[in-house]
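The next block is structure_16.csv, given as CSV, C-alpha atoms (C1' of nucleotides).
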chain,number,residue,atom,x,y,z
A,21,MET,CA,-67.8,113.0,19.0
A,22,LYS,CA,-69.6,114.9,16.3
A,23,LEU,CA,-70.6,118.5,16.3
A,24,ALA,CA,-72.9,119.9,13.7
A,25,THR,CA,-74.5,123.2,12.8
A,26,TRP,CA,-77.8,123.4,10.8
A,27,ASN,CA,-80.1,126.3,9.9
A,28,VAL,CA,-83.4,124.4,9.9
A,29,ASN,CA,-85.6,127.3,8.6
A,30,SER,CA,-88.4,126.5,11.1
A,31,LEU,CA,-87.8,123.8,13.7
A,32,LYS,CA,-91.6,123.1,13.7
A,33,VAL,CA,-91.5,122.1,10.0
A,34,ARG,CA,-88.1,120.4,10.2
A,35,LEU,CA,-88.5,118.5,13.5
A,36,PRO,CA,-89.3,115.1,11.9
A,37,GLN,CA,-86.3,115.4,9.6
A,38,LEU,CA,-84.1,116.4,12.5
A,39,LEU,CA,-85.2,113.4,14.6
A,40,ASP,CA,-84.8,111.1,11.7
A,41,TRP,CA,-81.3,112.5,11.0
A,42,LEU,CA,-80.2,112.1,14.6
A,43,ALA,CA,-81.6,108.6,14.8
A,44,ALA,CA,-79.8,107.5,11.7
A,45,ASP,CA,-76.4,108.9,12.6
A,46,PRO,CA,-76.3,110.5,16.0
A,47,VAL,CA,-74.5,113.8,16.4
A,48,ASP,CA,-73.4,114.7,19.9
A,49,VAL,CA,-73.7,118.4,19.7
A,50,VAL,CA,-76.1,120.2,17.4
A,51,CYS,CA,-76.3,123.9,16.9
A,52,LEU,CA,-79.6,125.0,15.3
A,53,GLN,CA,-80.5,128.4,13.7
A,54,GLU,CA,-83.8,129.9,12.6
A,55,THR,CA,-85.9,127.7,14.9
A,56,LYS,CA,-88.6,130.4,14.6
A,57,LEU,CA,-90.2,129.2,17.8
A,58,THR,CA,-90.9,130.9,21.1
A,59,ASP,CA,-89.4,129.0,24.0
A,60,GLU,CA,-92.8,127.8,25.2
A,61,ARG,CA,-93.2,126.0,21.9
A,62,PHE,CA,-89.7,124.5,21.7
A,63,PRO,CA,-90.0,120.7,21.2
A,64,ARG,CA,-88.1,119.8,24.3
A,65,ASP,CA,-90.0,116.6,25.0
A,66,ALA,CA,-89.7,115.2,21.6
A,67,LEU,CA,-85.9,115.8,21.6
A,68,ALA,CA,-85.6,114.4,25.2
A,69,GLU,CA,-87.3,111.2,23.9
A,70,ALA,CA,-84.7,111.1,21.2
A,71,GLY,CA,-82.0,111.3,23.9
A,72,TYR,CA,-81.1,115.0,23.6
A,73,ASP,CA,-81.0,117.8,26.1
A,74,ALA,CA,-81.5,121.3,24.8
A,75,ALA,CA,-80.6,124.9,25.5
A,76,PHE,CA,-82.6,127.4,23.4
A,77,SER,CA,-83.5,131.0,22.9
A,78,GLY,CA,-86.3,131.9,20.6
A,79,GLN,CA,-89.0,134.4,19.6
A,80,PRO,CA,-92.0,134.4,17.3
A,81,THR,CA,-91.6,134.2,13.5
A,82,TYR,CA,-87.9,135.0,13.1
A,83,ASN,CA,-84.5,133.9,14.3
A,84,GLY,CA,-84.1,131.6,17.3
A,85,VAL,CA,-81.1,129.4,18.1
A,86,ALA,CA,-80.5,126.2,20.1
A,87,ILE,CA,-77.8,123.8,21.2
A,88,LEU,CA,-78.8,120.2,21.5
A,89,THR,CA,-76.6,117.7,23.3
A,90,ARG,CA,-76.8,113.9,23.3
A,91,ALA,CA,-77.2,113.2,26.9
A,92,ALA,CA,-75.7,109.7,27.0
A,93,THR,CA,-72.4,110.7,25.4
A,94,VAL,CA,-71.8,114.4,26.3
A,95,GLY,CA,-74.3,115.2,29.0
A,96,SER,CA,-76.2,118.5,29.3
A,97,PRO,CA,-75.4,121.9,28.0
A,98,LEU,CA,-73.9,123.8,31.0
A,99,ASP,CA,-73.2,127.5,31.7
A,100,VAL,CA,-75.7,128.5,29.1
A,101,GLN,CA,-75.4,132.1,28.0
A,102,ILE,CA,-77.9,133.8,25.8
A,103,GLY,CA,-77.0,136.8,23.6
A,104,ASN,CA,-73.9,139.0,23.5
A,105,PRO,CA,-73.7,141.0,26.7
A,106,ARG,CA,-71.8,143.7,24.7
A,107,PHE,CA,-74.7,144.1,22.2
A,108,ASP,CA,-78.2,144.9,23.2
A,109,ASP,CA,-80.3,142.9,20.7
A,110,GLU,CA,-83.9,142.0,20.6
A,111,GLN,CA,-83.2,139.3,18.0
A,112,LYS,CA,-82.4,135.9,19.3
A,113,ARG,CA,-79.2,135.0,17.4
A,114,ILE,CA,-76.7,133.7,20.0
A,115,ILE,CA,-76.6,130.9,22.5
A,116,ALA,CA,-73.5,129.5,24.1
A,117,ALA,CA,-72.9,126.5,26.4
A,118,THR,CA,-70.2,124.2,27.8
A,119,VAL,CA,-70.4,120.6,26.7
A,120,GLY,CA,-67.9,118.4,28.4
A,121,ASP,CA,-64.6,120.3,28.0
A,122,LEU,CA,-65.8,122.2,25.0
A,123,ARG,CA,-67.2,125.7,24.9
A,124,VAL,CA,-69.7,126.0,22.1
A,125,VAL,CA,-71.0,129.3,20.7
A,126,CYS,CA,-74.0,128.9,18.3
A,127,VAL,CA,-74.7,132.0,16.1
A,128,TYR,CA,-77.2,133.1,13.5
A,129,VAL,CA,-75.5,136.1,12.0
A,130,PRO,CA,-77.9,138.7,10.4
A,131,ASN,CA,-78.4,138.3,6.7
A,132,GLY,CA,-78.0,142.0,5.9
A,133,GLN,CA,-80.6,141.9,3.0
A,134,SER,CA,-78.6,144.3,0.7
A,135,VAL,CA,-75.7,146.7,1.1
A,136,ASP,CA,-77.9,149.8,1.0
A,137,SER,CA,-80.1,148.5,3.8
A,138,ASP,CA,-80.2,149.4,7.4
A,139,LYS,CA,-80.0,145.6,8.0
A,140,TYR,CA,-76.6,145.6,6.5
A,141,VAL,CA,-75.4,148.3,8.9
A,142,TYR,CA,-76.9,146.2,11.7
A,143,LYS,CA,-75.1,143.1,10.4
A,144,LEU,CA,-71.6,144.7,10.4
A,145,ALA,CA,-72.2,146.3,13.9
A,146,TRP,CA,-73.5,142.9,15.1
A,147,LEU,CA,-70.4,141.2,13.8
A,148,ASP,CA,-68.0,143.8,15.3
A,149,ALA,CA,-69.7,143.3,18.7
A,150,MET,CA,-69.5,139.5,18.4
A,151,ILE,CA,-65.8,139.7,17.5
A,152,ALA,CA,-65.1,142.0,20.5
A,153,TRP,CA,-67.0,139.6,22.8
A,154,LEU,CA,-65.4,136.4,21.5
A,155,GLY,CA,-61.8,137.7,21.5
A,156,PRO,CA,-61.0,137.0,25.2
A,157,GLN,CA,-62.9,133.7,25.2
A,158,VAL,CA,-60.9,132.3,22.3
A,159,SER,CA,-57.6,133.0,24.0
A,160,ALA,CA,-58.7,131.9,27.4
A,161,SER,CA,-60.5,128.7,26.3
A,162,SER,CA,-58.7,125.5,25.6
A,163,SER,CA,-61.3,123.9,23.3
A,164,PHE,CA,-63.7,126.4,21.7
A,165,ALA,CA,-66.0,126.2,18.7
A,166,LEU,CA,-68.0,128.9,17.0
A,167,ALA,CA,-70.6,127.2,14.8
A,168,GLY,CA,-73.6,128.6,12.9
A,169,ASP,CA,-75.0,130.4,9.9
A,170,PHE,CA,-72.5,133.1,9.4
A,171,ASN,CA,-74.2,134.5,6.3
A,172,ILE,CA,-70.7,135.2,4.9
A,173,ALA,CA,-69.0,133.3,2.1
A,174,PRO,CA,-65.4,133.8,3.1
A,175,GLU,CA,-63.7,133.1,-0.3
A,176,ALA,CA,-64.4,133.1,-4.0
A,177,ARG,CA,-64.4,129.3,-4.0
A,178,ASP,CA,-67.3,129.4,-1.6
A,179,VAL,CA,-69.5,131.1,-4.2
A,180,HIS,CA,-70.9,129.4,-7.3
A,181,ASP,CA,-70.5,132.6,-9.3
A,182,PRO,CA,-68.1,135.0,-7.7
A,183,GLU,CA,-68.5,137.6,-10.5
A,184,GLN,CA,-72.3,137.6,-10.1
A,185,TRP,CA,-71.9,137.9,-6.3
A,186,LYS,CA,-69.2,140.5,-6.3
A,187,GLY,CA,-70.2,143.4,-4.0
A,188,GLN,CA,-73.4,141.6,-3.1
A,189,VAL,CA,-74.4,141.0,0.5
A,190,LEU,CA,-72.9,137.8,1.9
A,191,PHE,CA,-69.8,138.3,-0.2
A,192,THR,CA,-68.8,142.0,0.3
A,193,ASP,CA,-65.3,142.9,1.3
A,194,ALA,CA,-66.5,144.3,4.6
A,195,GLU,CA,-68.2,141.0,5.6
A,196,ARG,CA,-65.3,138.9,4.5
A,197,GLU,CA,-63.0,141.2,6.5
A,198,ARG,CA,-65.1,140.3,9.6
A,199,PHE,CA,-64.4,136.7,8.8
A,200,ARG,CA,-60.6,137.4,8.6
A,201,GLN,CA,-60.9,139.1,12.0
A,202,LEU,CA,-62.3,135.9,13.5
A,203,GLU,CA,-59.3,134.1,12.0
A,204,ARG,CA,-57.0,136.6,13.5
A,205,LEU,CA,-58.5,135.7,16.9
A,206,GLY,CA,-57.0,132.2,16.3
A,207,LEU,CA,-60.2,130.5,15.0
A,208,VAL,CA,-59.8,128.4,11.9
A,209,ASP,CA,-62.5,127.2,9.4
A,210,ALA,CA,-62.7,123.5,10.2
A,211,PHE,CA,-63.9,122.7,6.7
A,212,ARG,CA,-60.7,124.0,5.1
A,213,LEU,CA,-58.5,121.9,7.3
A,214,PHE,CA,-59.3,119.1,4.9
A,215,GLU,CA,-59.3,118.4,1.2
A,216,GLN,CA,-62.8,119.0,0.0
A,217,PRO,CA,-64.7,118.6,-3.2
A,218,GLU,CA,-64.8,121.6,-5.5
A,219,LYS,CA,-68.0,123.6,-5.4
A,220,SER,CA,-68.9,122.7,-1.9
A,221,TYR,CA,-71.8,124.8,-0.6
A,222,SER,CA,-74.1,124.7,2.4
A,223,TRP,CA,-77.0,126.8,1.1
A,224,TRP,CA,-78.9,126.8,-2.1
A,225,ASP,CA,-81.8,129.1,-3.0
A,226,TYR,CA,-85.2,127.4,-3.2
A,227,ARG,CA,-85.8,129.0,-6.6
A,228,GLN,CA,-84.4,128.4,-10.0
A,229,LEU,CA,-83.5,124.8,-9.3
A,230,ALA,CA,-80.5,126.1,-7.6
A,231,PHE,CA,-79.7,122.9,-5.7
A,232,ARG,CA,-79.9,120.7,-8.8
A,233,ARG,CA,-77.6,123.2,-10.6
A,234,ASN,CA,-75.4,123.4,-7.5
A,235,ARG,CA,-75.7,127.2,-7.6
A,236,GLY,CA,-75.0,127.7,-3.9
A,237,LEU,CA,-72.9,129.5,-1.2
A,238,ARG,CA,-70.9,128.1,1.7
A,239,ILE,CA,-72.1,130.3,4.5
A,240,ASP,CA,-72.5,127.9,7.4
A,241,HIS,CA,-69.3,127.3,9.3
A,242,VAL,CA,-67.6,125.6,12.2
A,243,MET,CA,-64.6,127.6,13.4
A,244,VAL,CA,-62.3,126.1,16.0
A,245,SER,CA,-59.7,127.3,18.4
A,246,PRO,CA,-56.0,126.1,18.1
A,247,ALA,CA,-56.4,123.6,20.9
A,248,LEU,CA,-59.5,122.1,19.3
A,249,ARG,CA,-58.0,122.2,15.8
A,250,SER,CA,-55.7,119.3,16.6
A,251,ARG,CA,-58.6,117.2,17.6
A,252,VAL,CA,-60.7,117.7,14.5
A,253,ARG,CA,-60.6,114.6,12.2
A,254,ALA,CA,-63.0,115.6,9.5
A,255,CYS,CA,-65.5,118.3,8.4
A,256,THR,CA,-68.2,117.6,5.9
A,257,ILE,CA,-71.4,119.1,4.5
A,258,ASP,CA,-74.4,116.7,4.5
A,259,ARG,CA,-75.8,117.5,1.1
A,260,GLU,CA,-78.3,114.6,1.4
A,261,MET,CA,-80.5,116.6,3.7
A,262,ARG,CA,-81.0,119.2,1.0
A,263,LYS,CA,-82.3,116.4,-1.3
A,264,ARG,CA,-85.2,115.4,1.0
A,265,GLU,CA,-88.8,116.3,0.6
A,266,GLN,CA,-89.5,119.7,2.1
A,267,PRO,CA,-85.8,120.5,2.9
A,268,SER,CA,-84.3,123.4,4.7
A,269,ASP,CA,-82.4,125.6,2.2
A,270,HIS,CA,-79.3,125.0,4.3
A,271,ALA,CA,-77.5,121.7,4.7
A,272,PRO,CA,-75.9,120.6,8.0
A,273,VAL,CA,-72.1,121.0,8.5
A,274,ILE,CA,-70.6,118.3,10.6
A,275,ALA,CA,-67.2,118.2,12.4
A,276,GLU,CA,-65.7,115.0,13.8
A,277,ILE,CA,-63.7,115.7,16.9
A,278,ASP,CA,-61.6,113.3,19.0
B,13,DA,C1',-85.7,143.1,-17.3
B,14,DT,C1',-88.0,140.8,-13.5
B,15,DG,C1',-88.8,137.1,-10.5
B,16,DG,C1',-89.2,132.5,-10.1
B,17,DC,C1',-89.5,129.5,-3.4
B,18,DC,C1',-90.4,128.7,1.4
B,19,DC,C1',-92.0,130.0,6.2
B,20,DG,C1',-94.7,132.5,9.7
B,21,DT,C1',-98.4,135.3,10.7
B,22,DA,C1',-102.5,135.9,9.1
B,23,DG,C1',-106.9,134.6,7.9
B,24,DA,C1',-104.7,138.2,2.5
B,25,DA,C1',-100.8,139.5,1.2
B,26,DC,C1',-96.4,140.6,3.1
B,27,DG,C1',-91.8,140.7,5.4
B,28,DG,C1',-87.8,138.1,5.6
B,29,DG,C1',-84.6,135.0,4.1
B,30,DA,C1',-80.0,134.8,1.0
So, in terms of structure tokens, how does the structure I just supplied come out?
Amino acid sequence: MKLATWNVNSLKVRLPQLLDWLAADPVDVVCLQETKLTDERFPRDALAEAGYDAAFSGQPTYNGVAILTRAATVGSPLDVQIGNPRFDDEQKRIIAATVGDLRVVCVYVPNGQSVDSDKYVYKLAWLDAMIAWLGPQVSASSSFALAGDFNIAPEARDVHDPEQWKGQVLFTDAERERFRQLERLGLVDAFRLFEQPEKSYSWWDYRQLAFRRNRGLRIDHVMVSPALRSRVRACTIDREMRKREQPSDHAPVIAEID
DNA sequence: ATGGCCCGTAGAACGGGA
């Protein structure tokens, strides 16, 4: 089976691309971020027609997350949980579901804007609460995946210009330390289980021809528990999606799991 | 040195993204 995460930057705009992408090479579990849709406007029918069930949690204008499952292969998302019970948050950034024997947590981590912003303080507190909430789940769960837009580039090689980004939001020591804490829970970055091309990124700014110049960041991740790690056969970034007309600024990350 | 794009909500610019 395949599990993917993709920040679509508006599901309304990206729905045709999503359907086209799923029709061409079906992914069994899809974690979406920045749907930017209220639940009433979620395109549940169009996805059902394409063979996907969905669990979703949205709001107007900002944020919004969803987990899609290919009904014929993995069934429906079960035991759906919205948000982190340990963190009161109006922003819709977390949805979790059980798919087959796999527990999947889909996250849209706050961006943080800049280190001197209140949003950065919120980001770090949000991450601390997420780590505290996930800890017991990782140890108790046999196959567990944390997938989403982490808004953290974990290492220098995940940044096109580490000098330029040094101390900048998405690449500060404090954010990267939160990523290390997730690793200490036992989660591993599935992408780094395999040999990868140099300068592999998952996000490129819309401006300055950043994609063409490959000036990007790798901030979208699939992290897996020890039990799941042994079942992961590959992890790739689908750069082709970023080449399309009217692309999201993020490319999907896809893990292949036995 | 600055901002350069895209999206949603508006119904003009602006907040937010990263």
Listing only residues of chain B within 10 Å of chain A, what is the closest atom pair and its distance in Å (to one decimal) for each, using all atoms listed in the file, sorted by chain and residue number ascending, as a tab-separated table?
residue	atom	partner	partner_atom	distance
B:DG15	C1'	A:Arg227	CA	9.5
B:DG16	C1'	A:Arg227	CA	6.0
B:DC17	C1'	A:Tyr226	CA	4.8
B:DC18	C1'	A:Tyr226	CA	7.1
B:DC19	C1'	A:Ser30	CA	7.0
B:DG20	C1'	A:Thr81	CA	5.2
B:DT21	C1'	A:Thr81	CA	7.4
B:DG28	C1'	A:Tyr82	CA	8.1
B:DG29	C1'	A:Asn131	CA	7.5
B:DA30	C1'	A:Asn131	CA	6.9
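Atom pair atom CA of A:Asp109 / atom CA of A:Arg204: separated by 25.2 Å.
Taking all atoms listed in the file, the non-local environment of A:Thr118 within 7 Å (same-chain residues fewer than 5 positions away omitted) comprises A:Pro97, A:Leu98, A:Asp99, A:Arg123, A:Val124.
Restricting the calculation to only C-alpha atoms, the smallest distance between A:Pro272 and any of A:Val244, A:Val28, A:Met150, A:Ala145 is found for A:Val28.
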Residue neighbourhood A:Arg106, 10 Å, all atoms listed in the file, exclusion window fewer than 3 positions, as a PyMOL selection string: chain A and resi 103+109+146+149-150+152-153
Residues near A:Asp121, cut-off 12 Å, only C-alpha atoms (C1' of nucleotides), skip fewer than 3 positions along chain, as a PyMOL selection string: chain A and resi 94-99+117-118+124+161-165+247-248+278
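Computed from the coordinates, the atom CA of A:Asn104 to atom CA of A:Leu154 distance equals 9.1 Å.
Taking atom CA of A:Ala275 and atom CA of A:Thr256 as endpoints, the distance between them is 6.6 Å.
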How about completing stretch 127-143 of chain A with N, CA and C atoms and giving it to me as an mmCIF file, in the coordinates of the input?
data_model
loop_
_atom_site.group_PDB
_atom_site.id
_atom_site.type_symbol
_atom_site.label_atom_id
_atom_site.label_comp_id
_atom_site.auth_asym_id
_atom_site.auth_seq_id
_atom_site.Cartn_x
_atom_site.Cartn_y
_atom_site.Cartn_z
ATOM 1 N N VAL A 127 -74.279 130.632 16.579
ATOM 2 C CA VAL A 127 -74.700 132.000 16.100
ATOM 3 C C VAL A 127 -75.527 131.915 14.844
ATOM 4 N N TYR A 128 -76.454 132.848 14.781
ATOM 5 C CA TYR A 128 -77.200 133.100 13.500
ATOM 6 C C TYR A 128 -76.920 134.564 13.171
ATOM 7 N N VAL A 129 -75.910 134.756 12.349
ATOM 8 C CA VAL A 129 -75.500 136.100 12.000
ATOM 9 C C VAL A 129 -76.575 136.736 11.092
ATOM 10 N N PRO A 130 -76.859 138.033 11.285
ATOM 11 C CA PRO A 130 -77.900 138.700 10.400
ATOM 12 C C PRO A 130 -77.558 138.533 8.963
ATOM 13 N N ASN A 131 -78.598 138.463 8.174
ATOM 14 C CA ASN A 131 -78.400 138.300 6.700
ATOM 15 C C ASN A 131 -77.918 139.595 6.070
ATOM 16 N N GLY A 132 -78.471 140.725 6.457
ATOM 17 C CA GLY A 132 -78.000 142.000 5.900
ATOM 18 C C GLY A 132 -78.853 142.492 4.724
ATOM 19 N N GLN A 133 -79.615 141.593 4.129
ATOM 20 C CA GLN A 133 -80.600 141.900 3.000
ATOM 21 C C GLN A 133 -79.903 142.503 1.794
ATOM 22 N N SER A 134 -79.354 143.726 1.874
ATOM 23 C CA SER A 134 -78.600 144.300 0.700
ATOM 24 C C SER A 134 -77.731 145.413 1.284
ATOM 25 N N VAL A 135 -76.698 145.764 0.514
ATOM 26 C CA VAL A 135 -75.700 146.700 1.100
ATOM 27 C C VAL A 135 -76.212 148.056 1.365
ATOM 28 N N ASP A 136 -77.319 148.453 0.727
ATOM 29 C CA ASP A 136 -77.900 149.800 1.000
ATOM 30 C C ASP A 136 -78.970 149.753 2.058
ATOM 31 N N SER A 137 -79.050 148.633 2.765
ATOM 32 C CA SER A 137 -80.100 148.500 3.800
ATOM 33 C C SER A 137 -79.613 148.771 5.166
ATOM 34 N N ASP A 138 -80.523 149.219 6.025
ATOM 35 C CA ASP A 138 -80.200 149.400 7.400
ATOM 36 C C ASP A 138 -79.784 148.030 8.046
ATOM 37 N N LYS A 139 -80.336 146.979 7.482
ATOM 38 C CA LYS A 139 -80.000 145.600 8.000
ATOM 39 C C LYS A 139 -78.566 145.281 7.756
ATOM 40 N N TYR A 140 -77.989 145.843 6.721
ATOM 41 C CA TYR A 140 -76.600 145.600 6.500
ATOM 42 C C TYR A 140 -75.696 146.337 7.488
ATOM 43 N N VAL A 141 -76.079 147.541 7.827
ATOM 44 C CA VAL A 141 -75.400 148.300 8.900
ATOM 45 C C VAL A 141 -75.456 147.533 10.203
ATOM 46 N N TYR A 142 -76.664 147.035 10.492
ATOM 47 C CA TYR A 142 -76.900 146.200 11.700
ATOM 48 C C TYR A 142 -75.987 144.969 11.667
ATOM 49 N N LYS A 143 -75.900 144.331 10.510
ATOM 50 C CA LYS A 143 -75.100 143.100 10.400
ATOM 51 C C LYS A 143 -73.619 143.382 10.735
#
